[in-house]
Structure formats: C-alpha cells, structure tokens
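A.B. asks: Dumping the structure here so I can ask a few things about it.
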Amino acid sequence: MTIVAEGSTGTNENRGGPIGLLLVALPVFLVCWLVIWPIISAVMRTLWLTSETGEKRFSTETYQFFFSDPYSLSNLSLTLWTTCVCALLLLLVCLPIALYLRFSTSKVAAYVQGLAIFPMFVPSIILSFAFIRVLGPNGTVDLLLNAASLPKMRSPYLTPWGPVIGLVWDNIPLTVLILLAGLGSVSNQAIEAARDVGAGKLAVLWHIILPRIVNSILVAISFAVLGIFSAFTLPYILGPAAPELIGPFMQRTFRDLYDPINAITQAVITFGFCIVFGLFYVRSVAKNRAP
C-alpha cells in the first residue's frame with residue numbers, strides 16, 4: 001500500500017511539472033489565438049469606432065442601435081424562443097430514449113439506438129430538403145392526406161416551427177449520447193434497492209435517476225443551445241424571412257447590407273447569451289473533476 005501511495009503522489013506532482021505544461025501549451029495557444037483573441041478583437045471593434053475623420057473613439061452606439069431597433073429585437077426574441085422550445089423538446093424526446101437504451105435488454109434497443117444516432121450522419125442541407133419534400137407544401141404528407149380525402153395540413157415550412165423541427169431532429173444524436181453517458185453512473189443495485197422498499201417507477205426516476213444525471217442534462221442542454229444559436233443552414237432554408245434567427249440575420253447584415261460592424265455587434269451579443277450556457281458546461285466539468 002505504501003508503494004502505491006508513493007507512486008500516486010509522484011503522478012500527481014508530474015501533472016503540474018514542465019512536461020505536463022508543455023503538453024498543454026500548444027492547445028492553449030491555439031485556443032487563445034483562434035477563440036479568445038477573435039472575441040476580444042470583436043468587442044474592441046464594436047466599442048472603438050472610427051469617425052469620419054479617421055480618429056478612434058469609444059462608443060456604444062452599435063449596441064444602442066441593436067437594442068432600440070424593433071427588427072433586431074424581434075430576431076433576438078425569435079432566436080431565444082426557438083432555443084427554449086428546442087431545448088424543452090429535446091429533453092422530452094431524448095430522455096425517454098436514453099432511459100430505454102440504458103435499462104432495456106431487448107434486441108430492439110440496438111435498432112432504436114441506431115435510429116437515434118442516424119441524424120448525426122445526415123448533412124443539414126440534405127435534412128432541409130428532405131423536410132421540404134415531406135412536410136412542405138404538396139409534400140408527401142399532403143399527398144397522403146389528399147389520397148385519404150382528409151383536410152390539407154398547414155405546412156410548418158417557412159414558419160417559426162420549421163427550424164424547430166429541423167434543429168430538434170438534428171440535435172437528437174448528441175443529446176441522447178450525453179444523457180446515455182450520464183445514465184451509466186446509475187447502478188442497477190441502487191434501482192433494485194429502491195424497488196425492494198416499494199418505490200414505483202416514477203419514484204425511482206425522480207429520487208434515484210434524475211439526481212444523478214442532473215449534470216448530464218445541463219451539459220446536453222448547453223451543447224444544444226450553443227448549436228442552435230450558431231445554426232445557419234436549417235434556419236436559413238426552413239425559417240421565415242422575417243423575423244429571422246440570429247444566424248441568418250448576421251449573414252445578411254454582413255453580406256447583403258455590407259455592414260460588418262453591426263454584424264460583429266450581433267455576434268458579440270450572441271456570444272454573451274451563449275457564454276451563460278457555456279458556464280453550465282464548465283461548472284459541470286469542474287465539479288466532476290473536483291476531488
């Protein structure tokens with residue numbers, strides 16, 4: 001036991017030694033160069049503006065314009081609404097799938113897992129046009145309803161629900177995998193012990209399973225929110241022209257309106273919302289690594 005303890009101590013000391021620092025130096029440099037510096041540069045460009053005379057001056061007018069412009073606020077509201085709805089639907093859809101995959105011993109579970117992960121291998125552009133062919137005007141669903149002499153369905157295509165359906169379907173694989181990994185920490189012995197004392201399925205879910213996967217749920221929601229905020233293809237093809245999600249809004253401001261400063265301002269504001277959800281992930285990782 002003494003030998004093991006001494007070896008363990010030496011390993012812990014080496015983690016903070018020169019070799020350990022050298023191994024993480026390149027990744028940290030790349031993160032600072034490709035992530036941290038562009039963020040700082042974007043914030044500085046939106047706060048230090050160039051006047052007509054070429055002088056630099058501190059100003060928050062781009063942010064004042066964004067938060068006073070009705071169209072910008074409607075786009076931000078639609079983005080937040082889409083994010084909240086997608087996060088809720090992902091949790092309602094993926095948690096039962098993950099629970100089934102974790103505790104099922106049936107051979108069908110393998111096929112269910114394959115179907116749940118399948119969207120990961122479908123590009124967003126193909127998903128978009130498949131959505132249009134199935135749920136769009138005169139799509140497959142409309143043709144089947146017409147053949148059955150049923151009323152025509154109102155298509156979610158080019159409505160706020162179009163990106164919601166596409167983004168939920170696109171984020172199912174990652175959400176299921178994260179929840180499934182969290183459910184791996186739930187032991188069968190704990191569930192059997194709870195059942196032995198008379199706990200029902202809902203009691204086991206509420207008191208045994210959910211408390212142990214709270215961090216996994218937060219991580220899954222954080223990844224989904226970050227992906228939805230940065231999505232472009234699905235909102236651009238399936239969403240309405242106005243209001244629009246923040247991704248297409250930034251692209252149109254930068255490319256069509258030739259207004260890079262306001263586009264960068266929109267990106268900084270988007271980053272401000274995303275960093276809140278990113279902190280949930282960082283907190284979860286730090287909590288799991290705490291001794």
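Note on naming: chains are A, B, ... as they come in the structure tokens, residues start from 1 per chain, ligands start from 1 in the order shown.
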Can you pull out the residues contacting Val186 in chain A? Cut-off 10 Å, using only C-alpha atoms, and skip same-chain residues under 6 positions away; I want them as a PDB file with N, CA and C atoms, in the first residue's frame.
C.D. replies:
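Written out: selection_8.pdb:
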ATOM      1  N   ARG A 102     -30.736   2.567 -21.835  1.00  0.00           N
ATOM      2  CA  ARG A 102     -29.924   2.218 -20.658  1.00  0.00           C
ATOM      3  C   ARG A 102     -30.445   0.971 -19.948  1.00  0.00           C
ATOM      4  N   ILE A 208     -33.942   8.640  -7.685  1.00  0.00           N
ATOM      5  CA  ILE A 208     -32.711   7.886  -7.891  1.00  0.00           C
ATOM      6  C   ILE A 208     -31.997   8.301  -9.173  1.00  0.00           C
ATOM      7  N   ILE A 209     -32.743   8.340 -10.281  1.00  0.00           N
ATOM      8  CA  ILE A 209     -32.106   8.543 -11.589  1.00  0.00           C
ATOM      9  C   ILE A 209     -31.815  10.010 -11.863  1.00  0.00           C
ATOM     10  N   LEU A 210     -32.844  10.864 -11.784  1.00  0.00           N
ATOM     11  CA  LEU A 210     -32.663  12.271 -12.152  1.00  0.00           C
ATOM     12  C   LEU A 210     -31.598  12.989 -11.325  1.00  0.00           C
ATOM     13  N   PRO A 211     -31.536  12.799  -9.974  1.00  0.00           N
ATOM     14  CA  PRO A 211     -30.478  13.490  -9.223  1.00  0.00           C
ATOM     15  C   PRO A 211     -29.064  13.132  -9.684  1.00  0.00           C
ATOM     16  N   ARG A 212     -28.886  11.947 -10.258  1.00  0.00           N
ATOM     17  CA  ARG A 212     -27.548  11.524 -10.661  1.00  0.00           C
ATOM     18  C   ARG A 212     -27.189  11.957 -12.077  1.00  0.00           C
ATOM     19  N   ILE A 213     -28.156  12.417 -12.837  1.00  0.00           N
ATOM     20  CA  ILE A 213     -27.851  12.826 -14.211  1.00  0.00           C
ATOM     21  C   ILE A 213     -28.150  14.309 -14.432  1.00  0.00           C
TER      22      ILE A 213
END
A.B. asks: Calculate how many Å separate CA of Pro70 in chain A from CA of Thr46 in chain A, rounding to one decimal.
C.D. replies: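 Pair CA of Pro70 in chain A / CA of Thr46 in chain A returns 20.0 Å.
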A.B. asks: Please provide the set of residues having any atom within 6 Å of range 75-92 of chain A, restricted to only C-alpha atoms, with same-chain residues fewer than 5 positions apart removed, written as a VMD selection string.
C.D. replies: chain A and resid 164 168 243 to 245
A.B. asks: I need the alpha helix (DSSP H) residues of range 28-275 of chain A per DSSP on the backbone, written as a VMD selection string.
C.D. replies: chain A and resid 28 to 31 37 to 47 61 to 68 70 to 103 108 to 117 124 to 135 140 to 147 161 to 183 188 to 196 201 to 204 214 to 229 233 to 238 246 to 251 260 to 275
A.B. asks: Please provide as a PyMOL selection string all residues within 12 Å of Val43 in chain A, with the sequence filter that same-chain residues fewer than 5 positions apart are discarded (counting only C-alpha atoms).
C.D. replies: chain A and resi 36-38+48-49+58-60+62-63+261-272
